[in-house]
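**Q** Dropping in coords.txt, which is compact mmCIF, C-alpha atoms:
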```txt
# COMPACT_ATOMS: atom_id res chain seq x y z
CA MET A 1 -13.58 138.70 143.15
CA ALA A 2 -10.62 138.15 140.82
CA THR A 3 -8.72 134.83 140.82
CA MET A 4 -5.29 133.84 139.63
CA ASP A 5 -6.91 132.42 136.48
CA GLY A 6 -8.41 135.83 135.71
CA LEU A 7 -5.32 138.01 136.06
CA ILE A 8 -5.38 139.30 132.46
CA SER A 9 -9.10 140.05 132.75
CA LEU A 10 -8.42 141.91 136.00
CA VAL A 11 -5.81 144.11 134.32
CA SER A 12 -8.17 144.69 131.37
CA THR A 13 -10.91 145.81 133.77
CA LEU A 14 -8.52 148.19 135.51
CA GLN A 15 -7.37 149.62 132.17
CA ARG A 16 -10.97 150.36 131.17
CA ALA A 17 -11.69 152.03 134.51
CA CYS A 18 -8.49 154.10 134.27
CA THR A 19 -9.36 155.32 130.78
CA LYS A 20 -12.80 156.47 131.94
CA LEU A 21 -11.15 158.60 134.61
CA GLY A 22 -8.50 160.10 132.34
CA ASP A 23 -5.67 157.90 133.61
CA PHE A 24 -3.93 156.49 130.53
CA GLY A 25 -0.47 156.28 128.97
CA GLY A 26 1.19 158.14 126.16
CA GLY A 27 1.75 161.33 128.11
CA GLY A 28 -1.98 162.16 127.99
CA GLY A 29 -4.80 162.28 130.52
CA ASP A 30 -4.52 163.82 133.98
CA ALA A 31 -0.75 163.67 134.10
CA ASP A 32 -0.69 165.78 137.27
CA LEU A 33 -2.48 163.11 139.32
CA PRO A 34 -1.14 159.77 140.59
CA THR A 35 -1.44 157.06 137.92
CA LEU A 36 -2.43 153.41 138.16
CA TRP A 37 -2.11 152.83 134.41
CA ASP A 38 1.69 152.92 134.44
CA SER A 39 1.79 150.14 137.05
CA LEU A 40 -0.27 147.71 134.95
CA PRO A 41 1.70 145.18 132.85
CA SER A 42 0.80 145.39 129.16
CA VAL A 43 1.92 144.24 125.72
CA VAL A 44 2.69 147.22 123.48
CA VAL A 45 2.91 146.65 119.72
CA VAL A 46 5.64 148.69 117.99
CA GLY A 47 6.65 148.78 114.34
CA GLY A 48 7.24 150.92 111.30
CA GLN A 49 4.39 151.80 108.96
CA SER A 50 5.21 149.02 106.49
CA SER A 51 6.16 146.37 109.02
CA GLY A 52 2.90 144.37 108.87
CA LYS A 53 1.91 145.40 112.39
CA SER A 54 -1.84 145.55 111.73
CA SER A 55 -1.79 142.20 109.95
CA VAL A 56 -0.12 140.57 112.96
CA LEU A 57 -2.90 141.84 115.23
CA GLU A 58 -5.59 140.64 112.86
CA SER A 59 -3.92 137.22 112.66
CA ILE A 60 -3.90 136.96 116.45
CA VAL A 61 -7.59 137.92 116.62
CA GLY A 62 -8.58 135.86 113.59
CA ARG A 63 -10.62 138.74 112.20
CA ASP A 64 -10.20 141.49 109.63
CA PHE A 65 -11.13 144.55 111.71
CA LEU A 66 -8.45 147.25 111.52
CA PRO A 67 -8.48 150.30 109.21
CA ARG A 68 -6.17 150.05 106.21
CA GLY A 69 -4.60 152.59 103.92
CA SER A 70 -1.40 154.46 103.17
CA GLY A 71 0.43 156.72 105.59
CA ILE A 72 -0.43 156.81 109.28
CA VAL A 73 -3.59 154.73 109.68
CA THR A 74 -3.41 154.17 113.45
CA ARG A 75 -3.65 157.69 114.89
CA ARG A 76 -4.81 156.89 118.42
CA PRO A 77 -3.59 154.10 120.72
CA LEU A 78 -5.86 151.06 120.43
CA VAL A 79 -6.17 149.10 123.67
CA LEU A 80 -7.19 145.66 122.41
CA GLN A 81 -8.52 143.25 125.03
CA LEU A 82 -9.17 139.66 123.94
CA HIS A 83 -11.49 137.36 125.91
CA LYS A 84 -11.78 133.67 125.08
CA ILE A 85 -15.34 132.29 125.09
CA GLU A 86 -16.66 128.78 124.60
CA GLN A 87 -16.76 127.11 121.18
CA GLY A 88 -20.18 127.60 119.61
CA GLU A 89 -20.79 130.99 121.24
CA GLN A 90 -21.12 133.90 118.86
CA GLU A 91 -18.18 136.28 118.81
CA TYR A 92 -18.66 140.01 119.20
CA ALA A 93 -16.82 143.23 119.96
CA GLU A 94 -17.52 146.11 122.36
CA PHE A 95 -16.06 149.61 122.61
CA LEU A 96 -15.64 151.39 125.93
CA HIS A 97 -17.20 154.53 124.45
CA GLN A 98 -20.27 152.51 123.32
CA PRO A 99 -20.81 150.15 126.27
CA ASN A 100 -24.37 149.13 125.37
CA ARG A 101 -23.67 148.07 121.79
CA LYS A 102 -22.36 144.69 120.64
CA PHE A 103 -20.66 144.66 117.23
CA ARG A 104 -21.13 141.31 115.48
CA GLU A 105 -20.07 142.54 112.04
CA PHE A 106 -16.34 143.24 112.16
CA SER A 107 -16.48 145.58 109.17
CA LEU A 108 -18.49 147.84 111.50
CA VAL A 109 -15.71 147.58 114.08
CA ARG A 110 -13.28 148.97 111.49
CA ARG A 111 -15.65 151.82 110.66
CA GLU A 112 -16.17 152.63 114.34
CA ILE A 113 -12.41 152.83 114.92
CA GLN A 114 -12.18 155.26 111.99
CA ASP A 115 -15.13 157.34 113.22
CA GLU A 116 -13.93 157.46 116.82
CA THR A 117 -10.43 158.44 115.67
CA ALA A 118 -11.89 161.24 113.54
CA ARG A 119 -13.98 162.43 116.49
CA LEU A 120 -10.81 163.65 118.21
CA THR A 121 -8.47 164.28 115.29
CA GLY A 122 -11.00 165.44 112.69
CA LYS A 123 -10.20 164.88 109.04
CA SER A 124 -6.60 165.87 109.65
CA LYS A 125 -3.72 163.41 109.86
CA GLN A 126 -2.90 164.40 113.43
CA ILE A 127 -2.46 161.89 116.23
CA SER A 128 -4.02 161.80 119.70
CA THR A 129 -2.81 160.19 122.94
CA VAL A 130 -6.38 159.37 124.05
CA PRO A 131 -6.83 155.61 123.58
CA ILE A 132 -9.69 153.70 121.98
CA GLN A 133 -10.60 150.65 124.08
CA LEU A 134 -11.87 147.62 122.18
CA SER A 135 -12.83 144.26 123.71
CA ILE A 136 -13.28 141.20 121.50
CA TYR A 137 -15.01 138.04 122.75
CA SER A 138 -14.29 135.02 120.58
CA PRO A 139 -13.62 131.26 120.78
CA ASN A 140 -10.69 131.82 118.38
CA VAL A 141 -8.54 133.95 120.70
CA VAL A 142 -6.54 133.54 123.89
CA ASN A 143 -6.97 135.86 126.86
CA LEU A 144 -4.64 138.73 126.07
CA ALA A 145 -4.39 142.52 126.31
CA MET A 146 -2.34 144.55 123.82
CA ILE A 147 -1.88 148.21 122.95
CA ASP A 148 -1.38 149.09 119.29
CA LEU A 149 0.40 152.41 118.68
CA PRO A 150 0.84 154.55 115.56
CA GLY A 151 3.52 153.20 113.24
CA LEU A 152 6.94 154.80 113.45
CA THR A 153 7.72 156.93 110.43
CA LYS A 154 10.68 158.89 109.09
CA VAL A 155 8.96 161.69 107.14
CA ALA A 156 5.78 163.75 107.43
CA VAL A 157 3.36 163.54 104.52
CA GLU A 158 1.09 166.24 103.17
CA GLY A 159 -1.39 167.41 105.80
CA GLN A 160 0.81 166.44 108.73
CA PRO A 161 2.89 168.79 110.90
CA GLU A 162 6.64 168.44 110.59
CA SER A 163 6.65 167.37 114.24
CA ILE A 164 4.64 164.20 113.52
CA VAL A 165 7.75 162.00 113.29
CA GLN A 166 8.93 163.07 116.74
CA ASP A 167 5.39 163.12 118.17
CA ILE A 168 4.88 159.44 117.29
CA GLU A 169 8.28 158.47 118.61
CA ASN A 170 7.58 160.32 121.87
CA MET A 171 4.24 158.53 122.25
CA VAL A 172 5.81 155.12 121.61
CA ARG A 173 8.67 155.84 123.98
CA SER A 174 6.29 156.99 126.76
CA TYR A 175 4.66 153.54 126.69
CA ILE A 176 7.63 151.23 126.22
CA GLU A 177 10.00 152.90 128.68
CA LYS A 178 7.79 151.72 131.56
CA PRO A 179 9.35 148.70 133.34
CA ASN A 180 6.03 146.77 133.29
CA CYS A 181 5.72 147.06 129.51
CA ILE A 182 6.28 144.03 127.26
CA ILE A 183 7.50 145.27 123.87
CA LEU A 184 6.26 143.43 120.79
CA ALA A 185 8.73 144.63 118.15
CA ILE A 186 7.48 143.98 114.60
CA THR A 187 10.12 143.79 111.86
CA PRO A 188 9.69 142.74 108.20
CA ALA A 189 12.00 139.91 107.07
CA ASN A 190 12.83 141.73 103.85
CA GLN A 191 14.53 144.49 105.85
CA ASP A 192 17.86 144.37 107.68
CA VAL A 193 17.03 143.84 111.36
CA ALA A 194 19.84 146.27 112.25
CA THR A 195 17.84 149.10 110.65
CA SER A 196 14.45 148.06 112.06
CA ASP A 197 12.55 151.00 113.57
CA ALA A 198 11.01 148.75 116.22
CA ILE A 199 14.27 147.07 117.26
CA LYS A 200 16.10 150.40 117.32
CA ILE A 201 13.70 152.06 119.76
CA ALA A 202 13.24 148.87 121.81
CA ARG A 203 17.01 148.58 122.23
CA GLU A 204 17.17 152.16 123.58
CA VAL A 205 14.72 151.48 126.43
CA ASP A 206 15.43 147.74 126.91
CA PRO A 207 19.11 147.24 126.01
CA THR A 208 19.28 143.73 127.50
CA GLY A 209 16.22 142.53 125.56
CA GLU A 210 14.58 141.36 128.79
CA ARG A 211 11.18 142.90 127.93
CA THR A 212 11.27 142.58 124.13
CA PHE A 213 9.66 139.92 121.94
CA GLY A 214 10.80 140.04 118.32
CA VAL A 215 8.33 139.25 115.53
CA LEU A 216 9.54 138.74 111.97
CA THR A 217 6.89 139.27 109.29
CA LYS A 218 6.81 138.80 105.50
CA LEU A 219 8.97 135.69 105.51
CA ASP A 220 7.18 134.54 102.36
CA LEU A 221 8.29 137.71 100.53
CA MET A 222 12.04 137.17 100.90
CA ASP A 223 14.17 136.75 97.77
CA LYS A 224 14.35 133.20 96.50
CA GLY A 225 17.31 131.33 97.93
CA THR A 226 17.45 133.45 101.10
CA ASN A 227 16.04 132.85 104.56
CA ALA A 228 15.81 134.53 107.98
CA LEU A 229 17.32 131.79 110.11
CA ASP A 230 20.06 134.08 111.46
CA VAL A 231 17.35 136.26 112.99
CA LEU A 232 14.91 133.55 114.07
CA GLU A 233 17.66 131.50 115.72
CA GLY A 234 19.01 134.55 117.54
CA ARG A 235 22.35 135.00 115.80
CA ALA A 236 21.70 138.30 114.03
CA TYR A 237 20.14 140.04 117.03
CA ARG A 238 19.75 138.16 120.29
CA LEU A 239 16.87 138.78 122.66
CA GLN A 240 16.12 137.02 125.94
CA HIS A 241 12.89 135.73 124.39
CA PRO A 242 12.68 133.73 121.15
CA TRP A 243 11.93 135.42 117.84
CA VAL A 244 8.64 134.36 116.23
CA GLY A 245 8.11 134.27 112.48
CA ILE A 246 4.74 135.25 111.00
CA VAL A 247 3.25 134.87 107.52
CA ASN A 248 0.41 137.35 107.02
CA ARG A 249 -2.20 137.41 104.29
CA SER A 250 -0.97 138.90 101.02
CA GLN A 251 -2.65 141.94 99.51
CA ALA A 252 -4.24 139.58 96.97
CA ASP A 253 -5.66 137.51 99.85
CA ILE A 254 -7.04 140.66 101.46
CA ASN A 255 -8.59 141.78 98.16
CA LYS A 256 -10.22 138.35 97.83
CA ASP A 257 -11.45 138.55 101.45
CA ILE A 258 -9.69 135.30 102.39
CA ASP A 259 -10.95 134.19 105.81
CA MET A 260 -8.47 134.78 108.65
CA ILE A 261 -8.88 131.24 110.00
CA VAL A 262 -8.02 129.90 106.54
CA ALA A 263 -5.01 132.25 106.53
CA ARG A 264 -3.87 130.78 109.87
CA ARG A 265 -4.01 127.29 108.36
CA ARG A 266 -1.97 128.41 105.36
CA GLU A 267 0.56 129.99 107.71
CA HIS A 268 0.93 126.71 109.58
CA GLU A 269 1.41 124.85 106.29
CA PHE A 270 4.07 127.35 105.17
CA PHE A 271 6.26 126.63 108.18
CA ALA A 272 5.53 122.90 108.34
CA THR A 273 6.50 122.32 104.69
CA SER A 274 9.38 124.81 104.42
CA ALA A 275 12.83 123.35 103.92
CA ASP A 276 14.25 126.32 105.87
CA TYR A 277 11.80 126.58 108.75
CA ALA A 278 10.23 123.13 109.29
CA HIS A 279 12.46 122.45 112.31
CA LEU A 280 11.08 125.62 113.93
CA ALA A 281 7.45 125.14 112.86
CA SER A 282 6.09 124.38 116.35
CA LYS A 283 7.33 127.76 117.58
CA MET A 284 6.29 129.88 114.62
CA GLY A 285 3.02 131.53 113.56
CA SER A 286 0.40 133.88 114.94
CA GLU A 287 -1.35 131.27 117.11
CA TYR A 288 1.91 130.33 118.83
CA LEU A 289 2.75 134.03 119.30
CA ALA A 290 -0.62 134.72 120.96
CA LYS A 291 -0.19 131.82 123.41
CA LEU A 292 3.40 132.84 124.16
CA LEU A 293 2.36 136.42 124.95
CA SER A 294 -0.68 135.37 126.98
CA ASN A 295 1.36 133.01 129.17
CA TYR A 296 4.15 135.54 129.67
CA LEU A 297 1.75 138.40 130.45
CA GLU A 298 -0.03 136.31 133.07
CA THR A 299 3.29 135.30 134.62
CA LEU A 300 4.43 138.93 134.72
CA ILE A 301 1.17 140.13 136.29
CA LYS A 302 1.44 137.40 138.94
CA ALA A 303 5.03 138.38 139.76
CA ARG A 304 4.28 142.12 139.89
CA LEU A 305 1.08 141.97 141.98
CA PRO A 306 2.77 142.98 145.27
CA CYS A 307 4.50 145.93 143.56
CA ILE A 308 1.24 146.98 141.90
CA ALA A 309 -0.53 146.82 145.26
CA ALA A 310 2.19 148.93 146.88
CA SER A 311 1.97 151.50 144.06
CA ILE A 312 -1.79 151.70 144.49
CA GLY A 313 -1.43 152.18 148.23
CA LYS A 314 1.01 155.02 147.68
CA SER A 315 -1.34 156.66 145.17
CA ILE A 316 -4.27 156.41 147.60
CA ASN A 317 -2.22 158.17 150.27
CA GLU A 318 -1.15 160.90 147.83
CA LEU A 319 -4.76 161.51 146.81
CA GLU A 320 -5.81 161.54 150.48
CA SER A 321 -3.26 164.29 151.17
CA GLU A 322 -4.42 166.20 148.10
CA MET A 323 -8.04 166.11 149.25
CA ASP A 324 -7.06 167.11 152.79
CA TYR A 325 -5.54 170.20 151.22
CA LEU A 326 -8.29 170.95 148.68
CA GLY A 327 -11.28 169.90 150.77
CA ARG A 328 -13.56 167.01 149.89
CA PRO A 329 -16.36 167.17 147.32
CA VAL A 330 -19.92 166.90 148.64
CA ALA A 331 -20.49 164.07 146.13
CA VAL A 332 -18.60 162.52 143.21
CA ASP A 333 -21.53 162.44 140.78
CA ALA A 334 -23.05 165.19 138.63
CA GLY A 335 -25.11 166.34 141.62
CA GLY A 336 -21.93 167.21 143.47
CA ARG A 337 -20.81 169.46 140.65
CA GLU A 338 -24.25 171.11 140.52
CA LEU A 339 -24.31 171.76 144.27
CA ALA A 340 -20.80 173.24 144.19
CA TYR A 341 -21.95 175.58 141.42
CA LEU A 342 -24.96 176.72 143.47
CA LEU A 343 -22.65 177.39 146.42
CA GLY A 344 -20.46 179.59 144.22
CA GLU A 345 -17.40 177.36 144.41
CA ASP A 346 -14.55 177.88 141.93
CA PRO A 347 -15.30 175.42 139.05
CA THR A 348 -11.60 174.56 138.65
CA LEU A 349 -11.35 173.64 142.33
CA THR A 350 -14.59 171.62 142.11
CA GLU A 351 -13.32 169.66 139.13
CA ARG A 352 -10.00 168.94 140.81
CA ARG A 353 -11.74 167.65 143.94
CA LEU A 354 -14.04 165.42 141.89
CA ARG A 355 -11.18 163.99 139.83
CA CYS A 356 -9.20 163.18 142.99
CA ALA A 357 -12.18 161.57 144.71
CA ARG A 358 -13.14 159.44 141.69
CA ARG A 359 -9.60 158.28 141.16
CA GLN A 360 -9.24 157.37 144.82
CA GLU A 361 -12.45 155.32 144.62
CA LEU A 362 -11.03 153.43 141.64
CA TYR A 363 -7.72 152.78 143.39
CA LYS A 364 -9.40 151.51 146.55
CA ALA A 365 -11.52 149.08 144.51
CA ALA A 366 -8.40 147.97 142.61
CA ARG A 367 -6.51 147.47 145.87
CA ASP A 368 -9.29 145.26 147.26
CA GLU A 369 -9.34 143.12 144.09
CA ILE A 370 -5.57 142.72 144.05
CA ASP A 371 -5.40 142.00 147.77
CA SER A 372 -7.93 139.20 147.30
CA VAL A 373 -5.75 137.65 144.61
CA ILE A 374 -2.59 137.95 146.71
CA TRP A 375 -4.29 136.25 149.63
CA VAL A 376 -5.50 133.43 147.36
CA ARG A 377 -1.89 132.83 146.36
```
In structure tokens, how does this file's structure come out?

**A**
Amino acid sequence: MATMDGLISLVSTLQRACTKLGDFGGGGGDADLPTLWDSLPSVVVVGGQSSGKSSVLESIVGRDFLPRGSGIVTRRPLVLQLHKIEQGEQEYAEFLHQPNRKFREFSLVRREIQDETARLTGKSKQISTVPIQLSIYSPNVVNLAMIDLPGLTKVAVEGQPESIVQDIENMVRSYIEKPNCIILAITPANQDVATSDAIKIAREVDPTGERTFGVLTKLDLMDKGTNALDVLEGRAYRLQHPWVGIVNRSQADINKDIDMIVARRREHEFFATSADYAHLASKMGSEYLAKLLSNYLETLIKARLPCIAASIGKSINELESEMDYLGRPVAVDAGGRELAYLLGEDPTLTERRLRCARRQELYKAARDEIDSVIWVR
């Protein structure tokens, strides 16, 4: 049974179950069936290709685990679920598509993301809406769930269709336009915030800034004698949540394989000793950002539980009506499909029945878990 303390873990569990049944965001999956995914609060990471988006995620995790390169590196949504474990326990990662394997070497996590991306997109530079689900268990993280999307781009490169620019924008928009989405808008400090890809698209779907958290990267790369105080203090572009400044590892640090925990310490020292930013130091950095997001996500989940429960109830009723019309499957496992085949049933009809029945089972289980939490409240 879920508790109020385990709200983020509950949502993470529901996201994994949804993905298994083809219920996921980005305009993909079984879009013609009722969806639970869209009701689940989530943090969606948005930024241009050179914004430092991947480095922010690695700083939050405290591990170097994401693919790197030029052009579009993230080509499938990455659902990243962080689980805090006790100090002294060994950290590890698990993929939904490899549930029986624990990854303890994070270089292998990077390779698996690349291989699993290529499994759907091949060697091309295409994108896919089907997410990769990755869970990381570590004493160096907070409980948090985030979705990393392909970086926004302005031009297609060789090997990509001309539609790639619009395809990525459509995918990003399909996630962040949902009212339960928290937008993490990544913008480099050496770029005018008014021209930021992330802020531009966030403003279109969240004009009041109620759901947007602004993150300013590359503060250490600004021209000497300049600073980003106008942004960080909310004068250049005001949001309803505070801007957070981040200092990522430099390319030289990455080449030298500087430990991420060491990088966090250097980041803290940068803000604490900076003449420009020392007065903001307690509310800057990747560790502060992770705690801020974790607390806000838990608060949002708690507030939206009754609405989520109502949405699930509506979906259960819609699926019930659908199965009344289609007829019910004899079973929801592989045996049910086999029996339907032997009886000469239309395979398309069989598959539709099975998908409806499995999704209804998931929603009923989700309803029971959420109801237990609501009653605890």

**Q** Would you please work out which residue, of A:Gly122, A:Pro306, A:Gly52, A:Pro179, is nearest to Lys218 in chain A when using all atoms listed in the file?

**A**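 With all atoms listed in the file as the atom set, the closest residue is A:Gly52.
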
**Q** For Arg249 in chain A, which residue out of A:Val56, A:Leu96, A:Leu349, A:Ala366 is the nearest one, using only C-alpha atoms?

**A**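 That would be A:Val56, the residue with the smallest distance to Arg249 in chain A.
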
**Q** Could you check which of A:Val61, A:Met260, A:Ile199, A:Val44 is closest to His83 in chain A, using all atoms listed in the file?

**A**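 Of all the options, A:Val61 lies closest to His83 in chain A.
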
**Q** For Glu116 in chain A, find every residue with an atom within 12 Å (counting all atoms listed in the file), except residues of its own chain fewer than 6 positions away, and show them as a list in words.

**A**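 Near Glu116 in chain A, the qualifying residues are Pro67, Thr74, Arg75, Arg76, Pro77, Leu78, Phe95, Leu96, His97, Gln98, Leu108, Val109, Arg110, Gly122, Lys123, Ser128, Val130, Pro131, Ile132, Gln133 and Leu134 of chain A.
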
**Q** If you keep C-alpha atoms, can you produce a file of those selected residues as a PDB file, keeping the file's coordinate frame?

**A**
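Result saved to again.pdb:
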```pdb
ATOM      1  CA  PRO A  67      -8.480 150.300 109.210  1.00  0.00           C
ATOM      2  CA  THR A  74      -3.410 154.170 113.450  1.00  0.00           C
ATOM      3  CA  ARG A  75      -3.650 157.690 114.890  1.00  0.00           C
ATOM      4  CA  ARG A  76      -4.810 156.890 118.420  1.00  0.00           C
ATOM      5  CA  PRO A  77      -3.590 154.100 120.720  1.00  0.00           C
ATOM      6  CA  LEU A  78      -5.860 151.060 120.430  1.00  0.00           C
ATOM      7  CA  PHE A  95     -16.060 149.610 122.610  1.00  0.00           C
ATOM      8  CA  LEU A  96     -15.640 151.390 125.930  1.00  0.00           C
ATOM      9  CA  HIS A  97     -17.200 154.530 124.450  1.00  0.00           C
ATOM     10  CA  GLN A  98     -20.270 152.510 123.320  1.00  0.00           C
ATOM     11  CA  LEU A 108     -18.490 147.840 111.500  1.00  0.00           C
ATOM     12  CA  VAL A 109     -15.710 147.580 114.080  1.00  0.00           C
ATOM     13  CA  ARG A 110     -13.280 148.970 111.490  1.00  0.00           C
ATOM     14  CA  GLY A 122     -11.000 165.440 112.690  1.00  0.00           C
ATOM     15  CA  LYS A 123     -10.200 164.880 109.040  1.00  0.00           C
ATOM     16  CA  SER A 128      -4.020 161.800 119.700  1.00  0.00           C
ATOM     17  CA  VAL A 130      -6.380 159.370 124.050  1.00  0.00           C
ATOM     18  CA  PRO A 131      -6.830 155.610 123.580  1.00  0.00           C
ATOM     19  CA  ILE A 132      -9.690 153.700 121.980  1.00  0.00           C
ATOM     20  CA  GLN A 133     -10.600 150.650 124.080  1.00  0.00           C
ATOM     21  CA  LEU A 134     -11.870 147.620 122.180  1.00  0.00           C
TER      22      LEU A 134
END
```

**Q** Between CA of Glu320 in chain A and CA of Arg304 in chain A, what is the distance, to one decimal in Å?

**A**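 Answer for the CA of Glu320 in chain A to CA of Arg304 in chain A separation: 24.3 Å.
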